[in-house]
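Trainee: Below is the structure I would like to discuss, written out as structure tokens.
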Amino acid sequence: MPNNHDTSYSDILRYISSLQKTNPNTVVDIETQPDSLGRNMFRCMFLSYAASRRAFMHSPQVIIICGNYLNWRTRSFLIVAEGIDVERQQFPLAFGVLDGDNTSSWKWFLTKLATIFEDRPELTIFSPRFDFTLQTLSLQFPLAEKAVCIRQLLLNIQQSYRNPEITGLVQRASYEYSKRRFLACYKEIKKMSPHCEQYLKRLGFERWSMAFSNGYRFDVYSAEVNDLRHLSRQNSIMGLLHYIHWHVSSQFTWRYGKAMEHQGYVSPYIEGLISKRTPTFDSWGFLKVSDYSCEVVNTNGESFLVDLDRKSCSCVALQKMLVPCEHSLVAAQNLGISPLTLVGSVYSTAQWLKTYSEYLQPYLKFRTMR
Ligand SMILES: [Zn+2]
């Protein structure tokens with residue numbers, strides 16, 4: 001009779017073989033190490049479904065990465081990379097089960113990730129932490145924009161300085177799209193805590209500020225992976241693999257159904273955002289410059305230049321988010337242009353459908369393959 005370890009490892013191999021037959025181009029990499037008796041022992045695993053990678057091609061180019069210890073007796077560490085769809089919902093891109101939360105584990109996972117997701121400036125990757133994970137990410141993805149989780153940054157600031165006013169200023173600065181407004185907040189931070197200002201400077205403005213980020217962040221502030229809690233509760237590698245398959249499969253099927261039902265040109269999330277941002281037009285000033293451009297003045301007397309042909313606003317939020325800001329909504333209303341023409345194509349319902357158009361195929365009952 002094989003012992004438990006051998007059975008478990010051979011089960012994993014049979015499962016993987018079945019999975020790759022029914023879901024071609026799914027990437028699975030398993031590494032083993034011999035125990036004292038020379039038996040192959042599971043060490044680490046990387047898994048990325050072909051359907052997930054195709055879904056990413058039709059989604060905002062943002063990757064969120066997070067990790068957590070698994071609920072096992074061994075100190076196995078789970079890393080999950082997720083994308084976000086046009087509804088701002090996360091979907092899994094890759095999973096890693098590793099033998100600890102350390103530099104070599106993260107390096108192994110990120111090296112595998114870099115072989116299937118092209119490193120390029122248009123891609124933004126969120127690091128869960130500010131330590132070696134961010135450094136390792138920079139080595140594996142030198143071209144991509146590296147961002148930090150702003151929620152985690154605010155927690156760190158609050159714990160270190162214990163001053164809600166400083167935390168509030170850092171939050172305001174990070175959310176600002178205008179460099180001028182960012183620098184005004186930053187000046188206040190420097191005045192209140194030169195130490196905090198130095199910390200933020202060392203971190204790099206582009207890592208935590210919407211105004212200074214070079215890429216598109218699609219308004220993502222948190223790098224928390226929603227699936228991580230459920231995934232880390234699985235109590236064995238086979239349990240985890242079955243759960244992942246069921247979870248990804250049901251998620252894709254359900255969301256494809258939702259996208260099919262939706263009639264609008266853009267996703268419900270974007271429709272809601274436009275509706276929420278639409279100001280009371282009567283209270284705003286408007287000066288037409290051409291058929292597509294104008295100056296709008298908000299209720300505080302601040303002036304913004306909007307060019308609907310170029311899809312630009314002097315507040316910069318329109319260019320960075322690819323979703324109309326309130327200034328461009330006022331301009332569109334006054335110039336008789338549909339605000340939907342200002343939304344980036346990445347947020348269209350067509351893209352949403354494409355994201356989930358490929359279902360995961362059920363794997364064969366691997367036990368019958370013995
Ligand atoms: Zn604007």
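Labels used: A, B, ... for chains in the order of the structure tokens, numbers from 1 for residues in each chain, and numbers from 1 for ligands as shown.
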What residues of the protein or nucleic acid chains come within 12 Å of ligand 1 when you use only C-alpha atoms and all ligand atoms? Reply as an MDAnalysis selection string.

Mentor: chainID A and resid 176:178 277:278 294:298 302:308 311:332 342

Trainee: I need the residues of stretch 166-310 of chain A that end up classed as strand (DSSP E) by DSSP on the backbone, written out as a VMD selection string.

Mentor: chain A and resid 285 to 288 293 to 297 303 to 307

Trainee: Need to verify the contact set: A:Asp282, 10 Å, only C-alpha atoms, exclusion of same-chain residues closer than 3 positions in sequence. Can you return it as a PyMOL selection string?

Mentor: chain A and resi 279+285-286+299+330

Trainee: Where does stretch 67-128 of chain A meet stretch 48-59 of chain A within 7 Å, residue by residue, with the nearest atom pair and distance in Å to one decimal for each, counting only C-alpha atoms, listed by chain and rising number, as JSON lines?

Mentor:
```
{"residue": "A:Gly83", "atom": "CA", "partner": "A:Phe56", "partner_atom": "CA", "distance": 6.5}
{"residue": "A:Ile84", "atom": "CA", "partner": "A:Ser59", "partner_atom": "CA", "distance": 6.6}
{"residue": "A:Asp85", "atom": "CA", "partner": "A:Ser59", "partner_atom": "CA", "distance": 5.2}
{"residue": "A:Val86", "atom": "CA", "partner": "A:Ser59", "partner_atom": "CA", "distance": 6.5}
{"residue": "A:Pro92", "atom": "CA", "partner": "A:Ser52", "partner_atom": "CA", "distance": 6.6}
{"residue": "A:Leu93", "atom": "CA", "partner": "A:Ser52", "partner_atom": "CA", "distance": 5.2}
{"residue": "A:Ala94", "atom": "CA", "partner": "A:Ser48", "partner_atom": "CA", "distance": 4.4}
{"residue": "A:Phe95", "atom": "CA", "partner": "A:Ser48", "partner_atom": "CA", "distance": 6.5}
```

Trainee: Neighbours of A:Tyr69 within 9 Å (only C-alpha atoms; same-chain residues fewer than 2 positions away dropped), as number ranges by chain?

Mentor: A: 67, 71-72, 75-79, 100-101, 232

Trainee: I need the residues from that last selection saved to file as a tab-separated table (two decimals), in the first residue's frame (with C-alpha atoms), if you can.

Mentor:
```tsv
chain	number	residue	atom	x	y	z
A	67	GLY	CA	-0.94	35.87	-0.21
A	71	ASN	CA	-5.00	26.19	6.93
A	72	TRP	CA	-2.73	23.13	6.86
A	75	ARG	CA	3.43	26.10	6.67
A	76	SER	CA	2.19	26.19	3.08
A	77	PHE	CA	1.63	29.67	1.69
A	78	LEU	CA	-0.95	30.51	-0.97
A	79	ILE	CA	-0.43	33.36	-3.46
A	100	GLY	CA	6.51	29.67	3.06
A	101	ASP	CA	6.17	33.43	2.82
A	232	SER	CA	-6.97	29.41	2.45
```

Trainee: Taking into account only C-alpha atoms, which residue in the set A:Ile150, A:Leu273, A:Phe252, A:Leu139 is nearest to A:Leu360?

Mentor: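 Among the listed residues, A:Phe252 lies closest to A:Leu360.
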
Trainee: Suppose you want the space between atom CA of A:Arg180 and atom CA of A:Ser209; what is it in Å?

Mentor: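 Atom-to-atom, atom CA of A:Arg180 to atom CA of A:Ser209, that is 12.4 Å.
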
Trainee: Write out as a VMD selection string the set of residues from stretch 170-266 of chain A that DSSP, computed on the backbone, places in alpha helix (DSSP H).

Mentor: chain A and resid 170 to 175 179 to 192 194 to 203 205 to 208 228 to 231 237 to 261

Trainee: Pick out the residues sitting within 8 Å of stretch 111-124 of chain A, and hand them over as a list in words; count only C-alpha atoms, and ignore anything fewer than 3 positions along from it in its own chain.

Mentor: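 Counting only C-alpha atoms, the residues come to Phe46, Gln61, Val62, Ile63, Ala94, Lys107, Trp108, Gln140, Phe141, Pro142, Leu143, Ala144, Glu145, Lys146, Ala147, Gly215, Tyr216 and Arg217 of chain A.
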
Trainee: Can you spit out the residues from that selection as a short mmCIF file (atom, residue, chain, number, x, y, z; two decimals), in the first residue's frame, using all heavy atoms?

Mentor:
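Result went into out.cif, see below:
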```cif
data_model
loop_
_atom_site.label_atom_id
_atom_site.label_comp_id
_atom_site.auth_asym_id
_atom_site.auth_seq_id
_atom_site.Cartn_x
_atom_site.Cartn_y
_atom_site.Cartn_z
N PHE A 46 2.22 25.88 -9.28
CA PHE A 46 1.70 27.08 -9.94
C PHE A 46 0.60 26.63 -10.89
O PHE A 46 0.76 25.65 -11.61
CB PHE A 46 2.82 27.77 -10.72
CG PHE A 46 2.37 29.01 -11.46
CD1 PHE A 46 2.41 30.25 -10.85
CD2 PHE A 46 1.92 28.92 -12.78
CE1 PHE A 46 1.99 31.39 -11.53
CE2 PHE A 46 1.50 30.06 -13.46
CZ PHE A 46 1.54 31.29 -12.83
N GLN A 61 -6.21 46.32 -17.67
CA GLN A 61 -4.91 45.67 -17.48
C GLN A 61 -4.33 45.92 -16.08
O GLN A 61 -3.33 46.63 -15.89
CB GLN A 61 -3.94 46.12 -18.57
CG GLN A 61 -4.38 45.68 -19.97
CD GLN A 61 -4.44 44.16 -20.11
OE1 GLN A 61 -3.41 43.51 -20.17
NE2 GLN A 61 -5.64 43.58 -20.16
N VAL A 62 -4.99 45.34 -15.11
CA VAL A 62 -4.59 45.48 -13.71
C VAL A 62 -4.48 44.09 -13.10
O VAL A 62 -5.38 43.26 -13.29
CB VAL A 62 -5.64 46.31 -12.92
CG1 VAL A 62 -5.37 46.24 -11.43
CG2 VAL A 62 -5.63 47.76 -13.38
N ILE A 63 -3.39 43.82 -12.40
CA ILE A 63 -3.24 42.55 -11.68
C ILE A 63 -3.06 42.85 -10.20
O ILE A 63 -2.24 43.71 -9.83
CB ILE A 63 -2.03 41.73 -12.21
CG1 ILE A 63 -2.24 41.36 -13.68
CG2 ILE A 63 -1.83 40.48 -11.37
CD1 ILE A 63 -1.07 40.58 -14.30
N ALA A 94 -4.06 33.40 -11.51
CA ALA A 94 -3.06 32.36 -11.22
C ALA A 94 -3.04 32.07 -9.72
O ALA A 94 -3.37 32.94 -8.91
CB ALA A 94 -1.69 32.80 -11.69
N LYS A 107 9.61 34.97 -5.47
CA LYS A 107 10.36 35.02 -6.72
C LYS A 107 9.90 33.90 -7.65
O LYS A 107 9.73 34.11 -8.86
CB LYS A 107 11.87 34.89 -6.41
CG LYS A 107 12.73 35.17 -7.61
CD LYS A 107 14.19 35.11 -7.27
CE LYS A 107 15.00 35.23 -8.57
NZ LYS A 107 16.41 34.96 -8.36
N TRP A 108 9.72 32.70 -7.10
CA TRP A 108 9.28 31.55 -7.90
C TRP A 108 7.92 31.85 -8.53
O TRP A 108 7.72 31.66 -9.73
CB TRP A 108 9.20 30.30 -7.01
CG TRP A 108 9.05 29.02 -7.77
CD1 TRP A 108 10.04 28.29 -8.37
CD2 TRP A 108 7.82 28.30 -8.02
NE1 TRP A 108 9.50 27.17 -8.97
CE2 TRP A 108 8.14 27.16 -8.77
CE3 TRP A 108 6.49 28.53 -7.69
CZ2 TRP A 108 7.19 26.23 -9.18
CZ3 TRP A 108 5.53 27.61 -8.11
CH2 TRP A 108 5.88 26.47 -8.84
N GLN A 140 10.95 41.19 -11.62
CA GLN A 140 10.28 40.32 -12.59
C GLN A 140 9.46 41.09 -13.62
O GLN A 140 9.23 40.61 -14.72
CB GLN A 140 9.38 39.30 -11.87
CG GLN A 140 10.12 38.38 -10.92
CD GLN A 140 11.24 37.61 -11.61
OE1 GLN A 140 11.13 37.21 -12.76
NE2 GLN A 140 12.35 37.45 -10.91
N PHE A 141 8.96 42.26 -13.22
CA PHE A 141 8.15 43.08 -14.13
C PHE A 141 8.72 44.51 -14.17
O PHE A 141 8.11 45.44 -13.66
CB PHE A 141 6.68 43.12 -13.67
CG PHE A 141 5.93 41.83 -13.87
CD1 PHE A 141 5.91 40.87 -12.87
CD2 PHE A 141 5.24 41.59 -15.04
CE1 PHE A 141 5.21 39.68 -13.05
CE2 PHE A 141 4.54 40.40 -15.23
CZ PHE A 141 4.52 39.44 -14.22
N PRO A 142 9.93 44.66 -14.77
CA PRO A 142 10.55 46.00 -14.74
C PRO A 142 9.76 47.07 -15.49
O PRO A 142 9.82 48.23 -15.13
CB PRO A 142 11.92 45.76 -15.40
CG PRO A 142 11.81 44.47 -16.13
CD PRO A 142 10.78 43.65 -15.40
N LEU A 143 9.01 46.70 -16.52
CA LEU A 143 8.31 47.70 -17.33
C LEU A 143 6.94 48.07 -16.77
O LEU A 143 6.49 49.21 -16.90
CB LEU A 143 8.13 47.19 -18.78
CG LEU A 143 9.40 46.86 -19.55
CD1 LEU A 143 9.07 46.30 -20.92
CD2 LEU A 143 10.27 48.12 -19.69
N ALA A 144 6.26 47.11 -16.17
CA ALA A 144 4.89 47.36 -15.68
C ALA A 144 4.91 48.38 -14.55
O ALA A 144 5.91 48.54 -13.85
CB ALA A 144 4.27 46.05 -15.19
N GLU A 145 3.78 49.07 -14.41
CA GLU A 145 3.62 50.00 -13.30
C GLU A 145 3.43 49.20 -12.02
O GLU A 145 2.60 48.28 -11.99
CB GLU A 145 2.37 50.85 -13.60
CG GLU A 145 2.02 51.86 -12.56
CD GLU A 145 2.77 53.16 -12.74
OE1 GLU A 145 3.66 53.25 -13.60
OE2 GLU A 145 2.46 54.09 -11.99
N LYS A 146 4.22 49.53 -10.99
CA LYS A 146 4.08 48.82 -9.71
C LYS A 146 3.38 49.74 -8.72
O LYS A 146 3.88 50.84 -8.44
CB LYS A 146 5.43 48.40 -9.15
CG LYS A 146 5.94 47.06 -9.63
CD LYS A 146 6.50 47.06 -11.01
CE LYS A 146 7.72 47.93 -11.15
NZ LYS A 146 8.23 47.97 -12.55
N ALA A 147 2.23 49.29 -8.25
CA ALA A 147 1.46 50.12 -7.32
C ALA A 147 1.36 49.40 -5.98
O ALA A 147 1.46 48.17 -5.91
CB ALA A 147 0.07 50.36 -7.88
N GLY A 215 0.64 54.67 -15.33
CA GLY A 215 -0.27 53.80 -16.07
C GLY A 215 -1.71 54.02 -15.67
O GLY A 215 -2.05 54.96 -14.95
N TYR A 216 -2.57 53.14 -16.16
CA TYR A 216 -3.98 53.18 -15.80
C TYR A 216 -4.19 52.33 -14.56
O TYR A 216 -3.75 51.19 -14.50
CB TYR A 216 -4.85 52.62 -16.93
CG TYR A 216 -4.82 53.46 -18.18
CD1 TYR A 216 -4.19 53.02 -19.33
CD2 TYR A 216 -5.43 54.71 -18.20
CE1 TYR A 216 -4.17 53.79 -20.47
CE2 TYR A 216 -5.41 55.50 -19.34
CZ TYR A 216 -4.78 55.03 -20.47
OH TYR A 216 -4.76 55.80 -21.60
N ARG A 217 -4.90 52.87 -13.57
CA ARG A 217 -5.19 52.08 -12.38
C ARG A 217 -6.67 51.79 -12.26
O ARG A 217 -7.10 51.08 -11.37
CB ARG A 217 -4.75 52.80 -11.12
CG ARG A 217 -3.26 52.90 -11.05
CD ARG A 217 -2.79 53.23 -9.66
NE ARG A 217 -1.39 53.51 -9.72
CZ ARG A 217 -0.64 53.73 -8.67
NH1 ARG A 217 -1.17 53.73 -7.48
NH2 ARG A 217 0.64 53.96 -8.82
#
```

Trainee: Would you compute the distance between atom CA of A:Ser174 and atom CA of A:Arg202? Give it in Å to one decimal.

Mentor: 15.0 Å

Trainee: Quick one: residues within 7 Å of A:Arg151, only C-alpha atoms, excluding same-chain residues fewer than 2 positions away - as a PyMOL selection string?

Mentor: chain A and resi 149+153-155+221-222

Trainee: Just how far from atom CA of A:Asn214 is atom CA of A:Phe182, in Å to one decimal?

Mentor: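 Distance reported for this atom pair: 14.9 Å.
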
Trainee: Can you list, as a PyMOL selection string, every protein, DNA or RNA residue that comes within 12 Å of stretch 264-269 of chain A when you count only C-alpha atoms, leaving out same-chain residues fewer than 6 positions away?

Mentor: chain A and resi 85-89+255+258+275-276+323+338-353

Trainee: With C-alpha atoms kept, could you save the residues just selected as a PDB file, in the first residue's frame?

Mentor:
```
ATOM      1  CA  ASP A  85     -13.506  42.930 -14.921  1.00  0.00           C
ATOM      2  CA  VAL A  86     -15.587  45.858 -16.220  1.00  0.00           C
ATOM      3  CA  GLU A  87     -17.886  45.451 -13.217  1.00  0.00           C
ATOM      4  CA  ARG A  88     -14.894  45.898 -10.896  1.00  0.00           C
ATOM      5  CA  GLN A  89     -15.227  42.274  -9.784  1.00  0.00           C
ATOM      6  CA  ARG A 255     -21.049  36.282 -14.745  1.00  0.00           C
ATOM      7  CA  LYS A 258     -25.279  38.431 -16.086  1.00  0.00           C
ATOM      8  CA  SER A 275     -25.422  58.548 -12.854  1.00  0.00           C
ATOM      9  CA  LYS A 276     -23.784  59.230  -9.453  1.00  0.00           C
ATOM     10  CA  VAL A 323     -14.800  57.171 -17.365  1.00  0.00           C
ATOM     11  CA  SER A 338     -23.801  61.317 -25.253  1.00  0.00           C
ATOM     12  CA  PRO A 339     -21.579  60.750 -22.175  1.00  0.00           C
ATOM     13  CA  LEU A 340     -21.235  57.113 -23.253  1.00  0.00           C
ATOM     14  CA  THR A 341     -18.933  58.228 -26.090  1.00  0.00           C
ATOM     15  CA  LEU A 342     -16.428  59.279 -23.392  1.00  0.00           C
ATOM     16  CA  VAL A 343     -16.225  55.847 -21.769  1.00  0.00           C
ATOM     17  CA  GLY A 344     -13.204  53.722 -22.709  1.00  0.00           C
ATOM     18  CA  SER A 345     -14.067  50.657 -24.803  1.00  0.00           C
ATOM     19  CA  VAL A 346     -12.588  48.485 -22.059  1.00  0.00           C
ATOM     20  CA  TYR A 347     -15.784  49.136 -20.051  1.00  0.00           C
ATOM     21  CA  SER A 348     -18.229  48.077 -22.756  1.00  0.00           C
ATOM     22  CA  THR A 349     -20.736  45.277 -22.275  1.00  0.00           C
ATOM     23  CA  ALA A 350     -19.135  43.581 -25.313  1.00  0.00           C
ATOM     24  CA  GLN A 351     -15.848  43.366 -23.395  1.00  0.00           C
ATOM     25  CA  TRP A 352     -17.669  42.071 -20.343  1.00  0.00           C
ATOM     26  CA  LEU A 353     -19.192  39.264 -22.407  1.00  0.00           C
TER      27      LEU A 353
END
```
